[in-house]
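All remarks here apply to the structure that follows.
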Amino acid sequence: MTSTPRPPFRKLRGYAFDPALALQMETAPISTIVYKVPWEDRKTADSGTLDVGPVGEYVEVIDYDPTVQKSYLPVDLNNEYILAQDGLDPSEGNPQFHQQMVYAVVMTTITNFERALGRRILWATRRPGANGFEDYVARLRIYPHALREANAYYSPRKKALLFGYFSSAPANESIQMPASLVFTCLSHDIIAHETTHAILDGMQRNYNEPTNPDVLAFHEAFSDIVALFQHFTFPDVLKNQIQKTRGNLADQNILGQLAQQFGSAIGNYGSLRDAIGEVDEKTGQWRPKTPLPEEYRTILEPHARGSILVAAVFEAFINIYKSRIADLLRIASNGTGILTAGELPVDLVNRLADEAAKSADQVLQMCIRALDYCPPVDITFGDYLRAIITADVDLVADDSRNYRLAFIDAFRRRGIYPKGIKTLSVESLQFEAHPRESQNPLFGILTDFLRKYRNDVMYVKDRKETYTITQKYMGGDEDNDIEGLHDRIFGKFDNDGEFEKLTGLVFSGDWKDFGINASRSNPNDPAFEVQNLRLVSRIGPQGKQVNQIVFSLLQRSGVKLKQGIFDVDAPVKEKHFDPSRRTKVREAFVLRGGCTLIFDLDTLALRYAIAKPLLDTARMAYLPQSRQIDLKTRKMDKARIEQQYQYQHGIGIMGMTDYSLYFKNALTHGEPFAFLHNH
Amino acid sequence: MAKQPKPSSKKITHADVRMYRMGTGDCFIVKFFTGENKKKDNIFTMMIDCGTWQGAKEQLTKFIAHLKEYVAEDREDNVPTIDLLVVTHEHKDHVYGFDACSDLFVNTVKNSKNFVVNKIWMGWTENDNPAQPGDVLTEKVKQWKDEYGQRKKALNATAQALKERFGSDEQKIEADSKPNGLVAFQYNYADAVNQFADLHFSARAGVYTGDLEGMRVVKKEIANNNITYLHPGQIIDNVVEGLRFYVLGPPTTIEAIKKESGKDGETFSHSHNNSLTDNDAFATAMLNLVEPQSSGSVLPFDDTYIKDEKPEAYTRDNWRSIDHEWLNSAGSLALRMNSATNNLSLALAIEFIDSGRVMLFPGDAEFGSWESWHKDIKWPIKGKDGIKPLTEDLLNRTVFYKVAHHLSHNGTAKRQGVEMMTHPDLTAMATLDYDIISDGWKNTMPNRDLITDLLRRTKGRLVIMNENELMVGQDSGKKSLHEKILESREQLMNSAEKADFNDALTTEDLFLQVKVKA
């Protein structure tokens, strides 16, 4: 029909942060930006993906407001008038702009994520689906006006983002009119934060179980990190703030702050969260926050605890940025490094902004990449630090700018140490590469299978097809005679003590003695689950290529305690129960073990096994003069069991808000990913 | 007829503080004596509140009957008579007794002497007809109470809506069989909100009938033009010789009333509830369910953008619908209303003038109220030494403390409350009964840190309505609270103190009583 190529982007205007900036003189010029989201063709009977709503390939905005039982007319982004002016004008009073804004920010976040990850993202599946199995979820659903409260959340159950609106009660009435309506779906930070929750849930399904104080906090922190670093992709805002802080991003600036309007509307002085500083309530003055190691021990509420991780990552970023601009500052100051008074020259601002954007992008990439190196359950901040370091070592051989040290130092200053590490160095923090040589022949056969998987999915562009192929490789496909990964693993490693030591999971015939439930397909075998099979291919900044296949194994064990103590040597009946059934014992819970296995497709070797074991793997010993594990040395991981129990039944309670105390279960069976847990 | 405060040659020697064990909730009789002869030496009898979480009239009747007998027994005319009735605040656990057993309190026949109350005290916020219209505070309160009334209605509407959707018998059966399932969560949630709603107002067969019936009974049927509404900062010493009453709460600023907890170190709370905000948008939508509001006030956008039909995709994918999610905001509304009402408690410090010893009855005051005693009250005098701020001095001299809000984390201020209670004779009474309590409350009551602190300060003289089932400590150090209390008494008191305390404490099925020396 036409020879004009398809445009790469659709331009949509929106608030850079939220409507609050438009009301202040100094920030008004940067309050709106043009989001560039991947172009989607107009949906027709046989082609295109973008429909009225907007409903696109990844998301569907459904603007139904249950609080008044009304719908708001959906926007058609393909309308020619709207197209001609880069989308609707930013406006609080037009719900169609609200729809456009959430679409723009969600798509921007997804795009940034996919770029860092090197693959297309999939939403968490619906389990159980309509027919009792697992259903593919094509689109994340977005309800821009779903609640009437100062909150927004990602609902793992509905695979939906629910945004609230509320009447404000500000501390500083000059910025926010009291009782005016504030819409959370107009805040870039809140949208990006909640979208990240959804993406992360699609990648690591078990991160919504609070098995230790870090798990939910990690979800919050990670979502904040993505939202924060996205600020650095807005060039005008960045330059404005560089000029304002004279290049020192450790000073108060809006790039490091989250949810300005929301924060002041619920009565905070300024933003809801700030990665580098805080406002002194007495003086009203901003001041930088000094890291306090005891905070990591004492702060348990997920958002507040997450802030510790956010501050660590942000500090790493600031230090990387500082080292990258040191030469520029020297050049601009005749070697003194001290800039002369007055406004910075525009050229310098542009260069500094470049460096800031680059540093931010690299830090964010490091954070996102690390997700593939995390254990599938029970993550701690320490695990995450190790994942960041290991992922970076894999991809970047020469860390000439000391990025890794910047991370280690920032974590150390906040008292975040991984367990079982004696010194903090790049070497000690890396996960152990190349597990025992003896494993390799066994894994060799598996890697052939995995290579085949790679060839099958590598060039698939359709997300649903990727999903379907992956499912077949994990679970098997009788029609096409593919034996799935699950059965292969069990066939290969049945009664293999070595594999049990590696993964911390139980595959031997005595699995019942460890509180494992029976497999649904074969009652004589222990149940375990293969999750999250994915192909990782990345090219590092120095041209190094990484080709890996990653998947996770998960297993459950029902454990019973007596007065907080788990007796590893007690008779089976006294210390275990079948985790697929319910138990009436009060001091009992289902413990999850898991292991992420990373295979290198170029060397055909298992590279890492990152485990949260059920078994106490450190105590597993070899038979004398043998390479066989002495099966009698396998015991449950007592420390892990007791710690989790203690957290969930004791100190965990202290971190809960009144809301969850009074309304029970709100933490696990309500919605775990609310923007604010305060209520 | 009532006894007048008479110039007596004898000084007050002690008070008997009796806590009736009707279930979590307050019901106290405090008798003041000038000697050991019960009949002759009782010069003044107070009653503070009469409530419980739940209970049928039949169960409560035996308590009220016993109470009436007790207050009549010292009197020559044998008429159950209260010299001073204090109703701290309008919550079910403080006034339900007046409602359930109103026939035992109300004098239906004129001049009959079923139950005689000479004087009633309430907080200034309870005054429905303030004397001075035009007064700034009065106006502010009136406006606030109007809004507050609307909120109560909204909460009631939400509670009803939740009950209809999630509270059916079938849902209860499923909730019981799968206690960790979604249905159980929804059922319990609906239940919790309903219990909060019950605290605040009367609804019969689901129809909102206004403020709590118990409060109405006191104001309209027990009172006889003898209610005095008190303001913080008042010092009253003309009631009975030898006693002085200091009015601490309710606070006179809306901010203090709304404040539920303080910063680290100020409350026994680890939660982060400081940003509780009032949300008219929610209350309006809620009210709209029962009383249609104008579309301008309910809808967030112009009519031009609005249509009535649900989007097709919404109706198709049933599992993703969000019809009820928004009702969960009611939890915040309920919590806010609960805290605000607690802060409306009339809080009194009663001083034995001669010795300066103090009995503290704060109702259910939460942090905002405690803070205001120090911050907002302008006392005309200083503490006994002429230097110390009076509030701090009163707390220093407290020898009896009625623990506010059933030992919850936010019922007792930390730095500005219990940490100032330094008197070696301190005894505390808490109206917590684990057998008769809402499930939702069990998670916040008792607060472990508060219990530990009180046990230390009182040397084990912490008297709880019913501590069965309650545990303290963690893991291997876990033991029953009862044992822990006995252990503290054994370890922390010297032998003279032990003998005194054994003497002072009376334990009966229907009540617990301590004797407080003047």
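We label chains A, B, ... in the order they appear in the structure tokens, count residues from 1 in each chain, and number ligands from 1 in the order shown.
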Residue neighbourhood Met636 of chain A, 6 Å, only C-alpha atoms, exclusion window fewer than 4 positions, as a ChimeraX atom specification: /A:614-616
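Using only C-alpha atoms, the residues found no farther than 12 Å from Ile539 of chain A, other than those of its own chain fewer than 3 positions away, are Arg115, Ala116, Leu117, Gly118, Arg369, Asp392, Asp394, Leu395, Val396, Ala397, Val536, Gln542, Gly543, Lys544, Gln545, Val546, Asn547 and Gln548 of chain A.
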Tell me, which residues of segment 325-418 of chain B carry DSSP strand (DSSP E or B), written as a ChimeraX atom specification? /B:347-352,358-361,398-402,413
Could you pull the residues within 9 Å of Val105 of chain A, counting only C-alpha atoms, minus those fewer than 4 positions along the same chain, as a ChimeraX atom specification? /A:14,35,37,100-101,109-110,188-189,191-192,195
Suppose you want the space between atom CA of Asp398 of chain A and atom CA of Gln362 of chain A; what is it in Å? 14.7 Å
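Non-sequential neighbours of Leu327 of chain B (distance at most 10 Å, separation of 4 or more positions within a chain, only C-alpha atoms) are Pro66, Thr67, Leu147 and Arg148 of chain A; Thr158, Ala159, Ala161, Leu162, Ala190, Phe282, Met286, Asp323 and Gly331 of chain B.
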Please provide the set of residues having any atom within 8 Å of segment 373-386 of chain A, restricted to only C-alpha atoms, with same-chain residues fewer than 3 positions apart removed, written as a PyMOL selection string. chain A and resi 204-207+209-212+214-215+218+309+369-370+389-391+407-408+411+416-419+429-431+552-554+592-596+598+610-612
Just write the chosen residues, C-alpha atoms, as a tab-separated table (two decimals), in the first residue's frame.
chain	number	residue	atom	x	y	z
A	204	GLN	CA	10.50	-15.38	39.89
A	205	ARG	CA	7.12	-16.62	40.94
A	206	ASN	CA	8.08	-17.53	44.49
A	207	TYR	CA	9.35	-14.10	45.46
A	209	GLU	CA	6.40	-15.58	49.83
A	210	PRO	CA	7.89	-13.83	52.83
A	211	THR	CA	10.21	-16.62	53.98
A	212	ASN	CA	12.72	-14.14	55.36
A	214	ASP	CA	14.38	-9.67	52.64
A	215	VAL	CA	12.03	-11.36	50.17
A	218	PHE	CA	13.61	-7.20	47.58
A	309	LEU	CA	18.92	-1.91	49.16
A	369	ARG	CA	20.93	-9.17	34.60
A	370	ALA	CA	21.53	-10.39	38.12
A	389	ILE	CA	28.88	-9.66	40.97
A	390	THR	CA	28.75	-13.10	39.34
A	391	ALA	CA	26.63	-11.94	36.41
A	407	PHE	CA	28.62	-2.22	44.60
A	408	ILE	CA	30.46	-4.23	47.23
A	411	PHE	CA	26.47	-2.93	50.38
A	416	ILE	CA	24.54	-6.33	53.99
A	417	TYR	CA	26.78	-9.37	53.97
A	418	PRO	CA	26.03	-12.64	52.24
A	419	LYS	CA	25.96	-15.61	54.57
A	429	LEU	CA	31.38	-13.13	46.27
A	430	GLN	CA	31.17	-14.95	42.96
A	431	PHE	CA	29.12	-18.08	43.04
A	552	SER	CA	15.27	-23.74	38.42
A	553	LEU	CA	14.33	-26.80	40.43
A	554	LEU	CA	11.93	-26.52	43.34
A	592	ARG	CA	10.63	-24.67	49.99
A	593	GLY	CA	14.01	-25.57	48.64
A	594	GLY	CA	15.22	-24.55	45.25
A	595	CYS	CA	18.20	-24.34	43.00
A	596	THR	CA	18.95	-22.30	39.93
A	598	ILE	CA	23.07	-22.20	34.84
A	610	ILE	CA	22.73	-21.48	43.16
A	611	ALA	CA	20.86	-23.30	45.88
A	612	LYS	CA	18.54	-22.68	48.79
Give me, as a ChimeraX atom specification, all polymer residues having an atom no more than 10 Å from Glu295 of chain A, counting only C-alpha atoms and skipping those fewer than 6 positions away in the same chain. /A:304-305,308,414-416
Compile the contact shell of segment 501-508 of chain B as number ranges by chain: residues with an atom at most 12 Å away, counting only C-alpha atoms, same-chain residues fewer than 2 positions apart removed. B: 14-21, 63, 66, 425-429, 458-466, 486, 489-490, 493-499, 510-517
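Among the candidates A:Ala22, A:Met366, A:Val68, A:Ile225, the one nearest to Asn288 of chain B when counting only C-alpha atoms is A:Val68.
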So which bits of segment 29-189 of chain A end up alpha helix (DSSP H) when you DSSP the backbone, as a ChimeraX atom specification? /A:80-84,95-117,188-189
Write the residues you've just listed into a file as an mmCIF file, in the first residue's frame, and include N, CA and C atoms for each of them.
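Now in part.cif:
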data_model
loop_
_atom_site.group_PDB
_atom_site.id
_atom_site.type_symbol
_atom_site.label_atom_id
_atom_site.label_comp_id
_atom_site.auth_asym_id
_atom_site.auth_seq_id
_atom_site.Cartn_x
_atom_site.Cartn_y
_atom_site.Cartn_z
ATOM 1 N N GLU A 80 -6.496 9.893 14.275
ATOM 2 C CA GLU A 80 -5.492 10.700 13.574
ATOM 3 C C GLU A 80 -5.176 12.006 14.293
ATOM 4 N N TYR A 81 -6.166 12.601 14.945
ATOM 5 C CA TYR A 81 -5.885 13.844 15.653
ATOM 6 C C TYR A 81 -4.945 13.575 16.828
ATOM 7 N N ILE A 82 -5.184 12.462 17.468
ATOM 8 C CA ILE A 82 -4.337 12.125 18.619
ATOM 9 C C ILE A 82 -2.924 11.800 18.139
ATOM 10 N N LEU A 83 -2.840 11.046 17.048
ATOM 11 C CA LEU A 83 -1.534 10.707 16.479
ATOM 12 C C LEU A 83 -0.764 11.966 16.082
ATOM 13 N N ALA A 84 -1.495 12.912 15.508
ATOM 14 C CA ALA A 84 -0.840 14.091 14.971
ATOM 15 C C ALA A 84 -0.224 14.971 16.039
ATOM 16 N N PRO A 95 -9.889 11.298 31.722
ATOM 17 C CA PRO A 95 -9.509 9.903 31.983
ATOM 18 C C PRO A 95 -8.812 9.252 30.791
ATOM 19 N N GLN A 96 -9.090 9.754 29.590
ATOM 20 C CA GLN A 96 -8.433 9.165 28.421
ATOM 21 C C GLN A 96 -6.944 9.452 28.430
ATOM 22 N N PHE A 97 -6.584 10.637 28.947
ATOM 23 C CA PHE A 97 -5.155 10.874 29.094
ATOM 24 C C PHE A 97 -4.565 9.914 30.138
ATOM 25 N N HIS A 98 -5.312 9.645 31.198
ATOM 26 C CA HIS A 98 -4.835 8.701 32.211
ATOM 27 C C HIS A 98 -4.493 7.362 31.564
ATOM 28 N N GLN A 99 -5.379 6.933 30.660
ATOM 29 C CA GLN A 99 -5.166 5.639 29.985
ATOM 30 C C GLN A 99 -3.895 5.697 29.140
ATOM 31 N N GLN A 100 -3.727 6.809 28.461
ATOM 32 C CA GLN A 100 -2.548 6.986 27.619
ATOM 33 C C GLN A 100 -1.278 6.976 28.475
ATOM 34 N N MET A 101 -1.332 7.657 29.610
ATOM 35 C CA MET A 101 -0.164 7.762 30.489
ATOM 36 C C MET A 101 0.247 6.385 31.015
ATOM 37 N N VAL A 102 -0.694 5.606 31.510
ATOM 38 C CA VAL A 102 -0.294 4.285 32.037
ATOM 39 C C VAL A 102 0.264 3.420 30.914
ATOM 40 N N TYR A 103 -0.366 3.484 29.763
ATOM 41 C CA TYR A 103 0.129 2.691 28.633
ATOM 42 C C TYR A 103 1.570 3.091 28.302
ATOM 43 N N ALA A 104 1.814 4.408 28.222
ATOM 44 C CA ALA A 104 3.143 4.889 27.837
ATOM 45 C C ALA A 104 4.206 4.440 28.837
ATOM 46 N N VAL A 105 3.920 4.583 30.121
ATOM 47 C CA VAL A 105 4.945 4.261 31.115
ATOM 48 C C VAL A 105 5.142 2.744 31.240
ATOM 49 N N VAL A 106 4.059 1.996 31.196
ATOM 50 C CA VAL A 106 4.206 0.544 31.289
ATOM 51 C C VAL A 106 5.036 0.035 30.114
ATOM 52 N N MET A 107 4.738 0.517 28.913
ATOM 53 C CA MET A 107 5.478 0.049 27.741
ATOM 54 C C MET A 107 6.939 0.483 27.799
ATOM 55 N N THR A 108 7.195 1.705 28.295
ATOM 56 C CA THR A 108 8.579 2.157 28.442
ATOM 57 C C THR A 108 9.345 1.236 29.389
ATOM 58 N N THR A 109 8.714 0.893 30.493
ATOM 59 C CA THR A 109 9.365 0.024 31.477
ATOM 60 C C THR A 109 9.647 -1.354 30.876
ATOM 61 N N ILE A 110 8.682 -1.884 30.167
ATOM 62 C CA ILE A 110 8.864 -3.203 29.553
ATOM 63 C C ILE A 110 10.033 -3.156 28.561
ATOM 64 N N THR A 111 10.070 -2.095 27.762
ATOM 65 C CA THR A 111 11.128 -1.984 26.757
ATOM 66 C C THR A 111 12.511 -1.935 27.408
ATOM 67 N N ASN A 112 12.643 -1.120 28.443
ATOM 68 C CA ASN A 112 13.924 -1.041 29.147
ATOM 69 C C ASN A 112 14.325 -2.395 29.699
ATOM 70 N N PHE A 113 13.377 -3.104 30.209
ATOM 71 C CA PHE A 113 13.632 -4.409 30.813
ATOM 72 C C PHE A 113 14.113 -5.408 29.781
ATOM 73 N N GLU A 114 13.410 -5.440 28.666
ATOM 74 C CA GLU A 114 13.748 -6.432 27.641
ATOM 75 C C GLU A 114 15.138 -6.178 27.090
ATOM 76 N N ARG A 115 15.484 -4.908 26.993
ATOM 77 C CA ARG A 115 16.801 -4.567 26.468
ATOM 78 C C ARG A 115 17.891 -5.130 27.400
ATOM 79 N N ALA A 116 17.716 -4.933 28.698
ATOM 80 C CA ALA A 116 18.729 -5.405 29.638
ATOM 81 C C ALA A 116 18.736 -6.931 29.715
ATOM 82 N N LEU A 117 17.575 -7.507 29.593
ATOM 83 C CA LEU A 117 17.455 -8.945 29.797
ATOM 84 C C LEU A 117 17.889 -9.724 28.564
ATOM 85 N N HIS A 188 4.554 8.515 37.139
ATOM 86 C CA HIS A 188 5.514 7.644 36.456
ATOM 87 C C HIS A 188 6.078 6.612 37.427
ATOM 88 N N ASP A 189 6.454 7.074 38.617
ATOM 89 C CA ASP A 189 7.147 6.196 39.559
ATOM 90 C C ASP A 189 6.257 5.052 40.031
#
From the list A:Arg581, A:Arg127, A:Lys158, A:Arg330, which residue is nearest chain B when using only C-alpha atoms? A:Lys158
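Each of B:Trp319, B:Tyr401, B:Tyr70, B:Phe352 was compared to chain A using only C-alpha atoms, and B:Trp319 turns out to be the nearest.
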